[in-house]
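Visitor: Please read through the structure below; I'll follow up with questions.
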Amino acid sequence: MGLGVWAIGLALALGLPGATWKQARPPLFPWEMLGPTLLAVAALSLLAPTLAWMVGPNLAQRRSLALLEAPPDLLWAGLLLALWPAAWGPPGVMGWLLAFLAAALPGEARWLAQAMPGERPFPLAWGKAAVSRVRCLVLARLWGRWIVARLPVWLTATLVLERILGMPGLGTDWMTRVVVRDRAGLSLWVLALALLWVLSQSWEGEAA
Amino acid sequence: MRTLLLALCLASTHLLIEAPLSAQMVEESLAQDPGPLDFIQGDSYEQWILQSLAGDALVGIAAGGHLVPRLADRWQVRQDGSILFHLRTDARYQDGSQVRAEDVIWTVQQLLQHPQASPTKRAILEGASVGSDQGRPWIRSPRPPGRLLLELARVPIAQKGHPEGGSGPFAFRKEPGAWVFTRRDHFLQPRIDGIRFRLLADPAGVMTALEKGWLSIGAPATRRQSEAPPTHRLVTQPMHAQLVVWSRVGVEPLRQLEHWRKDAFPSHLLGQNARPSRGLWPETLGFQPRSIDVSTSPSPDHGTLRLLYGAGEASVEKLLLALRERARRDGIDLQITPVEQGLLTERLQKSDFQLACSMVVFDPHPWAVLEYMEPRGPMNFTGWRHPQLAGLLSRIRQPGDPAWLDLQTLWAREPAALPLLDFQSVIWVDKRLEVEPSPMGLYLHTPGAAGWQWRL
């Protein structure tokens, strides 16, 4: 079933309709942004579970978290730009990373917290150590599925931040290939994401 | 411990801040990724800017629109119609090798033969042959020499075997997230140290960067054009750019649009960027305003017109909404439909539309309007043709020839397209930077950026 979905994605990329007026060459892949992107993904995949582990499933009901989650990426990037001192020059990779975490962390923490089972009466009745242990086990089981579900989104949805902050990365690359109708490049994107999915499936199988 | 914390703070501050801007580098932005620098395959507007900085064409066009020497310090039209170019002896590629006739021949042959070569450049050289005579390159083309020379200004010469190698006034290098050009020893004697382009696709991001002084040059938001910060000044330059509507349903809709464009657009929507077009062809290219010929028999009246336009251009959308309201006053239901740009281009190329509009940037010479009329012209989306066209074209040798008027009359009888708006570029430029505005923008003329300088 999953492979079928990826095959449809590949067919869509190869058969993308439309043309370009001036034939533009596809962009070079932004290899230099691969490191910062992996850093961002690593930070998020560490911070979100940590937050969920510390607060537990109740985190999903927190109004403060909903408030942080509500603003779109556009706002976080705009806020960062507005607050960034002019004398420092344009925000670099770390500025982008901060905006990415601000935009993504609340939503991801809630995603995890919502997926966690309730703690009343057990393991709450068994004490703090048991709660902590259960949360650890649950999050360890959830972590793989969560990464698999969200990784394509993280890799591609940074587009808004990249556009506003002037930091062309993976999101910009993906979007530019759509604009210039680089069907081969888009197919590679789909294949790479499909490969990640296949790898995660085998990993999931081993864990089970 | 305290020292360690201090060191950590300093290190993180260093990570947060990019390297300070060099005072002598011009900071610029690009709206789209131009792709890799490639003199054979590159063909977008952004790519033209890159090529104009890193490469030299045989001839250049000055800000005033006339031909000037570039790689060739002179040229002569020979008896057989070919143009012989006398190359400068001081033009060199980045590896120090001199620009020779073989490079010109290789570039032209690649543009004609490479399957992925720029369609625009290939169209310029269609039917051309190239060779050398005593070390001097010549080009022969079915086009009149006056046209060919002006068009060759858009064909920089690449180093033989190196499609990315140019002899231009700036050396190019790609940095993470930036396209950087640094001054090199060149016959145009560039006076700025270099230009650094960042990809800033979002207009709001450009605006913030301008206000914070991170950009030396940039386009402000329309409603804030007159509020330049103290560090910048407002520069306006007319452009060979128009918002054009094509019609597949005859002349009558264009005749109505010609009427509506006079009073449809409120001035606050136009800003300084645009004004209603007055003729059929761009006045900036030297054409007098000319109306659609009223003696043409009217085509059937349309109560409903469907107009496609490229989605994502908020300013164009507002103007088209104003046009729709103006049409409603005349009892016409003008239905405007946004279409993704790539899909719009495909529908234009397949003539799958009733009315369609798009922004057009013309080449800086009058022959550019032939793109509407020539059988395989890149803007002949309606299949326009006329038996008198070939005869008229053979009479046009130079800009300003009387046959241009006849050609315009021919088009005015049954035009397939009508411009709604003439655009001009409104930018903020660092007060310390001297630039030369032109209808081609700041880069595409000669000397272009090589003529800029910082005021002391």
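Every chain in the structure tokens takes a letter, A first, then B, and so on in the order presented; its residues are numbered from 1, and the ligands are numbered from 1 following the presented order.
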Can you pull out every residue within 10 Å of stretch 339-344 of chain B, counting only C-alpha atoms, but drop anything in the same chain fewer than 5 positions away, and send it as a ChimeraX atom specification?

Guide: /A:16-21,178-181 /B:308-313,349-350,352-353,356-358

Visitor: Save out the residues we just selected, N, CA and C atoms, as a CSV table (one decimal), in the first residue's frame.

Guide:
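Result file follows (again-v1.csv):
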```
chain,number,residue,atom,x,y,z
A,16,LEU,N,4.3,15.8,-14.2
A,16,LEU,CA,3.9,17.2,-13.8
A,16,LEU,C,3.5,18.0,-15.0
A,17,PRO,N,2.3,18.5,-15.1
A,17,PRO,CA,1.9,19.3,-16.2
A,17,PRO,C,2.6,20.7,-16.2
A,18,GLY,N,2.5,21.4,-17.3
A,18,GLY,CA,3.0,22.8,-17.3
A,18,GLY,C,4.3,22.9,-18.1
A,19,ALA,N,4.7,24.2,-18.4
A,19,ALA,CA,5.9,24.4,-19.1
A,19,ALA,C,6.5,25.7,-18.6
A,20,THR,N,7.8,26.0,-19.0
A,20,THR,CA,8.4,27.3,-18.6
A,20,THR,C,8.5,28.1,-19.8
A,21,TRP,N,8.4,29.4,-19.6
A,21,TRP,CA,8.5,30.4,-20.8
A,21,TRP,C,9.9,30.4,-21.2
A,178,VAL,N,9.8,22.5,-8.9
A,178,VAL,CA,8.4,22.5,-9.4
A,178,VAL,C,8.3,23.7,-10.4
A,179,VAL,N,8.8,24.9,-10.0
A,179,VAL,CA,8.6,26.1,-10.9
A,179,VAL,C,9.3,25.9,-12.2
A,180,VAL,N,10.5,25.3,-12.3
A,180,VAL,CA,11.2,25.1,-13.6
A,180,VAL,C,10.8,23.8,-14.2
A,181,ARG,N,9.9,23.1,-13.6
A,181,ARG,CA,9.4,21.8,-14.2
A,181,ARG,C,10.6,20.8,-14.4
B,308,LEU,N,-7.3,34.5,-18.4
B,308,LEU,CA,-6.3,33.8,-17.5
B,308,LEU,C,-5.1,34.7,-17.1
B,309,TYR,N,-4.6,34.5,-15.9
B,309,TYR,CA,-3.4,35.2,-15.5
B,309,TYR,C,-2.6,34.4,-14.6
B,310,GLY,N,-1.3,34.7,-14.4
B,310,GLY,CA,-0.5,33.9,-13.6
B,310,GLY,C,-0.8,34.2,-12.1
B,311,ALA,N,-1.0,33.1,-11.4
B,311,ALA,CA,-1.4,33.2,-9.9
B,311,ALA,C,-0.1,33.6,-9.2
B,312,GLY,N,-0.4,34.3,-8.0
B,312,GLY,CA,0.7,34.6,-7.1
B,312,GLY,C,1.2,36.0,-7.2
B,313,GLU,N,0.8,36.8,-8.2
B,313,GLU,CA,1.2,38.2,-8.3
B,313,GLU,C,0.0,39.1,-7.8
B,349,GLN,N,1.1,28.4,-24.8
B,349,GLN,CA,1.9,27.7,-25.9
B,349,GLN,C,1.0,26.8,-26.7
B,350,LYS,N,-0.1,26.3,-26.1
B,350,LYS,CA,-1.0,25.4,-26.8
B,350,LYS,C,-2.2,26.2,-27.3
B,352,ASP,N,-4.6,27.4,-25.7
B,352,ASP,CA,-5.7,26.9,-25.0
B,352,ASP,C,-6.3,28.0,-24.1
B,353,PHE,N,-6.8,29.1,-24.6
B,353,PHE,CA,-7.3,30.2,-23.8
B,353,PHE,C,-8.3,31.0,-24.7
B,356,ALA,N,-5.7,35.8,-22.3
B,356,ALA,CA,-4.7,35.4,-21.3
B,356,ALA,C,-3.7,36.6,-21.2
B,357,CYS,N,-3.3,36.8,-19.9
B,357,CYS,CA,-2.4,37.9,-19.8
B,357,CYS,C,-1.1,37.5,-19.0
B,358,SER,N,0.0,38.2,-19.3
B,358,SER,CA,1.2,37.9,-18.7
B,358,SER,C,2.1,39.1,-18.8
```

Visitor: For the interface of chain B with chain A (cut-off 6 Å, counting only C-alpha atoms), please tabulate each contacting residue of chain B alongside its nearest pair of atoms and their separation in Å to one decimal, rows sorted by chain and increasing number, as JSON lines.

Guide:
```
{"residue": "B:Leu16", "atom": "CA", "partner": "A:Met94", "partner_atom": "CA", "distance": 5.1}
{"residue": "B:Ile17", "atom": "CA", "partner": "A:Trp88", "partner_atom": "CA", "distance": 5.8}
{"residue": "B:Glu18", "atom": "CA", "partner": "A:Gly92", "partner_atom": "CA", "distance": 5.3}
{"residue": "B:Gly35", "atom": "CA", "partner": "A:Pro27", "partner_atom": "CA", "distance": 4.1}
{"residue": "B:Asp43", "atom": "CA", "partner": "A:Ala24", "partner_atom": "CA", "distance": 5.5}
{"residue": "B:Ser44", "atom": "CA", "partner": "A:Ala24", "partner_atom": "CA", "distance": 5.4}
{"residue": "B:Pro176", "atom": "CA", "partner": "A:Glu32", "partner_atom": "CA", "distance": 6.0}
{"residue": "B:Gly177", "atom": "CA", "partner": "A:Pro168", "partner_atom": "CA", "distance": 5.6}
{"residue": "B:Leu199", "atom": "CA", "partner": "A:Gly166", "partner_atom": "CA", "distance": 5.3}
{"residue": "B:Leu200", "atom": "CA", "partner": "A:Gly166", "partner_atom": "CA", "distance": 4.6}
{"residue": "B:Ala201", "atom": "CA", "partner": "A:Arg163", "partner_atom": "CA", "distance": 5.2}
{"residue": "B:Asp202", "atom": "CA", "partner": "A:Ile164", "partner_atom": "CA", "distance": 5.4}
{"residue": "B:Gly205", "atom": "CA", "partner": "A:Ile164", "partner_atom": "CA", "distance": 4.8}
{"residue": "B:Lys212", "atom": "CA", "partner": "A:Ala86", "partner_atom": "CA", "distance": 5.0}
{"residue": "B:Gly342", "atom": "CA", "partner": "A:Gly18", "partner_atom": "CA", "distance": 4.5}
{"residue": "B:Leu343", "atom": "CA", "partner": "A:Gly18", "partner_atom": "CA", "distance": 4.2}
{"residue": "B:Thr345", "atom": "CA", "partner": "A:Ala19", "partner_atom": "CA", "distance": 5.7}
{"residue": "B:Glu346", "atom": "CA", "partner": "A:Ala19", "partner_atom": "CA", "distance": 5.0}
```

Visitor: Just give me the gap between atom CA of B:Glu211 and atom CA of B:Arg198 in Å, one decimal is fine.

Guide: 15.9 Å

Visitor: Quick one: pull the distance between atom CA of B:Asp80 and atom CA of B:Leu148, Å, one decimal.

Guide: 14.6 Å

Visitor: List every residue of stretch 32-148 of chain A that DSSP, applied to the backbone of this structure, places in helix (DSSP H, G or I), and write the result as a PyMOL selection string.

Guide: chain A and resi 32-55+57-61+63-69+73-83+86-88+93-115+124-126+128-148

Visitor: With distances taken over only C-alpha atoms, which of B:Leu67, B:Leu210, B:Ile40, B:Ala178 is nearest to B:His114?

Guide: B:Ile40

Visitor: Give the answer as one residue: which of B:Ala403, B:Leu269, B:Leu410, B:Leu37 has the shortest atom-to-atom distance to B:Arg223, using only C-alpha atoms?

Guide: B:Leu269

Visitor: Neighbours of stretch 39-44 of chain A within 8 Å (only C-alpha atoms; same-chain residues fewer than 4 positions away dropped), as a ChimeraX atom specification?

Guide: /A:35,48,97,100-101,104-105,151,154

Visitor: Can I get the selection written as a short mmCIF file (atom, residue, chain, number, x, y, z; two decimals), in the first residue's frame, with N, CA and C atoms?

Guide:
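Result file selection27.cif:
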```cif
data_model
loop_
_atom_site.label_atom_id
_atom_site.label_comp_id
_atom_site.auth_asym_id
_atom_site.auth_seq_id
_atom_site.Cartn_x
_atom_site.Cartn_y
_atom_site.Cartn_z
N GLY A 35 23.72 19.85 6.11
CA GLY A 35 24.20 19.79 7.50
C GLY A 35 23.27 20.53 8.44
N ALA A 48 11.50 17.72 21.03
CA ALA A 48 10.06 17.44 21.11
C ALA A 48 9.77 16.23 22.03
N LEU A 97 17.67 28.32 12.13
CA LEU A 97 17.43 27.18 13.02
C LEU A 97 16.48 27.58 14.15
N PHE A 100 13.05 27.91 12.83
CA PHE A 100 12.51 26.58 12.52
C PHE A 100 12.00 25.90 13.79
N LEU A 101 12.82 25.96 14.84
CA LEU A 101 12.43 25.31 16.09
C LEU A 101 11.20 26.00 16.70
N ALA A 104 8.23 24.84 14.59
CA ALA A 104 7.90 23.42 14.51
C ALA A 104 7.73 22.73 15.88
N LEU A 105 8.49 23.19 16.86
CA LEU A 105 8.53 22.46 18.14
C LEU A 105 7.16 22.33 18.82
N LEU A 151 9.18 13.50 8.85
CA LEU A 151 10.42 13.90 8.17
C LEU A 151 10.17 14.55 6.80
N TRP A 154 9.14 18.08 7.44
CA TRP A 154 10.22 18.96 7.89
C TRP A 154 11.17 19.31 6.75
#
```

Visitor: Skipping near chain neighbours, those fewer than 4 positions away, what residues fall within 7 Å of stretch 186-189 of chain A using only C-alpha atoms, listed as a list in words?

Guide: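 Non-adjacent residues within range: Leu10, Ala13, Leu14, Trp174, Arg177, Asp182 and Leu193 of chain A.
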
Visitor: Any chance you can output those residues with C-alpha atoms as an mmCIF file, in the first residue's frame?

Guide:
```
data_model
loop_
_atom_site.group_PDB
_atom_site.id
_atom_site.type_symbol
_atom_site.label_atom_id
_atom_site.label_comp_id
_atom_site.auth_asym_id
_atom_site.auth_seq_id
_atom_site.Cartn_x
_atom_site.Cartn_y
_atom_site.Cartn_z
ATOM 1 C CA LEU A 10 6.669 9.326 -8.603
ATOM 2 C CA ALA A 13 6.459 14.065 -10.433
ATOM 3 C CA LEU A 14 7.305 12.569 -13.821
ATOM 4 C CA TRP A 174 12.048 21.338 -4.020
ATOM 5 C CA ARG A 177 12.198 22.308 -9.260
ATOM 6 C CA ASP A 182 12.501 19.758 -13.378
ATOM 7 C CA LEU A 193 11.761 10.172 0.513
#
```

Visitor: Considering only C-alpha atoms, return as a ChimeraX atom specification whatever protein or nucleic-acid residues lie within 7 Å of B:Ile157, sequence-local ones (same chain, fewer than 2 positions apart) excluded.

Guide: /B:55-57,103-104,107,155,159,166

Visitor: Could those selected residues go to a file with N, CA and C atoms, as a PDB file, in the first residue's frame?

Guide:
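File again_28.pdb, as written:
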```
ATOM      1  N   GLY B  55      30.369  37.525 -18.099  1.00  0.00           N
ATOM      2  CA  GLY B  55      30.697  37.298 -19.510  1.00  0.00           C
ATOM      3  C   GLY B  55      30.665  38.570 -20.330  1.00  0.00           C
ATOM      4  N   ASP B  56      31.180  38.463 -21.523  1.00  0.00           N
ATOM      5  CA  ASP B  56      31.165  39.572 -22.484  1.00  0.00           C
ATOM      6  C   ASP B  56      30.577  39.065 -23.788  1.00  0.00           C
ATOM      7  N   ALA B  57      29.641  39.834 -24.352  1.00  0.00           N
ATOM      8  CA  ALA B  57      29.169  39.540 -25.707  1.00  0.00           C
ATOM      9  C   ALA B  57      30.106  40.242 -26.693  1.00  0.00           C
ATOM     10  N   ASP B 103      36.736  30.556 -29.682  1.00  0.00           N
ATOM     11  CA  ASP B 103      35.728  30.617 -28.614  1.00  0.00           C
ATOM     12  C   ASP B 103      34.387  31.091 -29.171  1.00  0.00           C
ATOM     13  N   VAL B 104      34.441  32.078 -30.067  1.00  0.00           N
ATOM     14  CA  VAL B 104      33.205  32.591 -30.669  1.00  0.00           C
ATOM     15  C   VAL B 104      32.541  31.479 -31.491  1.00  0.00           C
ATOM     16  N   THR B 107      31.062  28.780 -29.196  1.00  0.00           N
ATOM     17  CA  THR B 107      29.836  29.228 -28.523  1.00  0.00           C
ATOM     18  C   THR B 107      28.651  29.189 -29.483  1.00  0.00           C
ATOM     19  N   VAL B 155      24.330  37.569 -26.353  1.00  0.00           N
ATOM     20  CA  VAL B 155      24.992  36.262 -26.482  1.00  0.00           C
ATOM     21  C   VAL B 155      26.444  36.381 -25.994  1.00  0.00           C
ATOM     22  N   GLN B 159      34.180  30.380 -23.005  1.00  0.00           N
ATOM     23  CA  GLN B 159      35.479  29.805 -23.357  1.00  0.00           C
ATOM     24  C   GLN B 159      35.263  28.426 -23.974  1.00  0.00           C
ATOM     25  N   GLY B 166      33.467  32.635 -18.595  1.00  0.00           N
ATOM     26  CA  GLY B 166      33.272  33.901 -19.288  1.00  0.00           C
ATOM     27  C   GLY B 166      34.453  34.826 -19.081  1.00  0.00           C
TER      28      GLY B 166
END
```

Visitor: Find the residue from B:Met379, B:Ala368, B:Val245, B:Leu58 that sits nearest to B:Ile124; use only C-alpha atoms when measuring.

Guide: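 Among the listed residues, B:Ala368 lies closest to B:Ile124.
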
Visitor: Give me, as a short mmCIF file (atom, residue, chain, number, x, y, z; two decimals) with N, CA and C atoms, in the first residue's frame, all polymer residues having an atom no more than 12 Å from B:Phe423, counting only C-alpha atoms and skipping those fewer than 2 positions away in the same chain.

Guide:
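The resulting result.cif:
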```
data_model
loop_
_atom_site.label_atom_id
_atom_site.label_comp_id
_atom_site.auth_asym_id
_atom_site.auth_seq_id
_atom_site.Cartn_x
_atom_site.Cartn_y
_atom_site.Cartn_z
N THR B 236 14.20 55.46 -10.35
CA THR B 236 13.21 54.86 -11.25
C THR B 236 13.82 54.74 -12.63
N GLN B 237 13.47 53.68 -13.31
CA GLN B 237 13.97 53.48 -14.67
C GLN B 237 12.85 52.87 -15.52
N PRO B 238 12.56 53.48 -16.67
CA PRO B 238 11.56 52.87 -17.54
C PRO B 238 12.06 51.50 -17.98
N MET B 239 11.14 50.60 -18.22
CA MET B 239 11.55 49.25 -18.62
C MET B 239 10.86 48.86 -19.92
N HIS B 240 11.48 47.95 -20.64
CA HIS B 240 10.82 47.40 -21.83
C HIS B 240 9.89 46.29 -21.38
N ALA B 241 9.04 46.61 -20.43
CA ALA B 241 8.18 45.56 -19.85
C ALA B 241 6.73 46.01 -19.86
N GLN B 242 5.86 45.10 -20.20
CA GLN B 242 4.43 45.42 -20.26
C GLN B 242 3.60 44.24 -19.74
N LEU B 243 2.39 44.57 -19.29
CA LEU B 243 1.40 43.52 -19.00
C LEU B 243 0.56 43.38 -20.26
N VAL B 244 0.65 42.22 -20.88
CA VAL B 244 0.06 42.03 -22.21
C VAL B 244 -1.11 41.03 -22.14
N LEU B 270 -1.57 51.68 -9.08
CA LEU B 270 -0.45 51.65 -10.03
C LEU B 270 0.86 52.04 -9.37
N GLY B 271 0.79 52.96 -8.39
CA GLY B 271 2.03 53.45 -7.77
C GLY B 271 2.91 54.07 -8.84
N GLN B 272 4.20 54.02 -8.60
CA GLN B 272 5.12 54.53 -9.62
C GLN B 272 5.55 53.43 -10.58
N ASN B 273 5.12 52.20 -10.29
CA ASN B 273 5.60 51.05 -11.07
C ASN B 273 4.98 50.93 -12.45
N ALA B 274 3.78 51.46 -12.59
CA ALA B 274 3.08 51.18 -13.84
C ALA B 274 2.22 52.36 -14.26
N ARG B 275 1.98 52.45 -15.55
CA ARG B 275 0.99 53.40 -16.06
C ARG B 275 0.30 52.72 -17.24
N PRO B 276 -0.95 53.14 -17.51
CA PRO B 276 -1.66 52.47 -18.61
C PRO B 276 -0.90 52.61 -19.93
N SER B 277 -0.81 51.54 -20.67
CA SER B 277 -0.14 51.59 -21.98
C SER B 277 -0.97 52.47 -22.92
N PRO B 282 5.74 48.72 -27.27
CA PRO B 282 6.34 49.54 -26.22
C PRO B 282 6.92 50.86 -26.76
N GLU B 283 6.51 51.94 -26.10
CA GLU B 283 7.06 53.25 -26.48
C GLU B 283 8.55 53.32 -26.15
N THR B 284 8.98 52.55 -25.14
CA THR B 284 10.40 52.59 -24.76
C THR B 284 11.29 52.06 -25.88
N VAL B 316 -0.76 42.44 -9.62
CA VAL B 316 -1.44 42.24 -10.91
C VAL B 316 -2.89 41.85 -10.68
N MET B 359 3.07 39.19 -17.87
CA MET B 359 4.05 40.26 -17.98
C MET B 359 5.11 39.83 -18.99
N VAL B 360 5.51 40.76 -19.83
CA VAL B 360 6.47 40.47 -20.88
C VAL B 360 7.63 41.46 -20.76
N VAL B 361 8.86 40.95 -20.81
CA VAL B 361 10.04 41.82 -20.86
C VAL B 361 10.62 41.69 -22.26
N PHE B 362 10.62 42.79 -22.99
CA PHE B 362 11.10 42.76 -24.36
C PHE B 362 12.61 42.91 -24.41
N PRO B 419 -1.09 45.56 -25.00
CA PRO B 419 -0.56 45.82 -23.66
C PRO B 419 -1.54 46.63 -22.83
N LEU B 420 -1.65 46.26 -21.56
CA LEU B 420 -2.51 47.02 -20.65
C LEU B 420 -1.71 48.05 -19.87
N LEU B 421 -0.51 47.65 -19.46
CA LEU B 421 0.29 48.52 -18.59
C LEU B 421 1.74 48.54 -19.04
N SER B 425 10.78 50.28 -13.42
CA SER B 425 11.39 49.70 -12.24
C SER B 425 11.60 50.79 -11.20
N VAL B 426 11.14 50.54 -9.99
CA VAL B 426 11.31 51.49 -8.89
C VAL B 426 12.13 50.80 -7.83
N PRO B 439 16.60 51.44 -19.48
CA PRO B 439 15.41 50.61 -19.69
C PRO B 439 15.71 49.11 -19.61
N MET B 440 17.01 48.76 -19.65
CA MET B 440 17.38 47.34 -19.51
C MET B 440 17.66 46.98 -18.06
N GLY B 441 17.46 47.94 -17.15
CA GLY B 441 17.80 47.70 -15.76
C GLY B 441 19.23 48.17 -15.50
#
```

Visitor: Just the residues within 8 Å of B:Arg385, please, counting only C-alpha atoms, with nothing from its chain fewer than 3 positions along; format it as a list in words.

Guide: Met373, Glu374, Pro375 and Leu389 of chain B

Visitor: Please dump the current selection as a short mmCIF file (atom, residue, chain, number, x, y, z; two decimals), in the first residue's frame; keep C-alpha atoms.

Guide:
```cif
data_model
loop_
_atom_site.label_atom_id
_atom_site.label_comp_id
_atom_site.auth_asym_id
_atom_site.auth_seq_id
_atom_site.Cartn_x
_atom_site.Cartn_y
_atom_site.Cartn_z
CA MET B 373 4.24 38.14 -35.40
CA GLU B 374 6.83 35.74 -36.74
CA PRO B 375 5.47 32.24 -37.39
CA LEU B 389 4.77 40.08 -43.24
#
```

Visitor: Atom CA of B:Lys318 and atom CA of B:Gly303, how far apart in Å?

Guide: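 So the answer is 22.2 Å.
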
Visitor: Which of these residues is nearest to B:Val99, using only C-alpha atoms: B:Gly60, B:Gln116, B:Trp404, B:Ala158?

Guide: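 Using only C-alpha atoms, the shortest distance to B:Val99 belongs to B:Ala158.
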
Visitor: Go through stretch 33-88 of chain A residue by residue and, counting only C-alpha atoms, keep those with an atom at most 8 Å from stretch 119-136 of chain A; for each kept residue give the shortest atom pair and its distance in Å to one decimal, ordered by chain and increasing number, as a tab-separated table.

Guide:
```
residue	atom	partner	partner_atom	distance
A:Trp53	CA	A:Arg135	CA	5.8
A:Gly56	CA	A:Arg135	CA	7.1
A:Pro57	CA	A:Glu119	CA	7.7
```
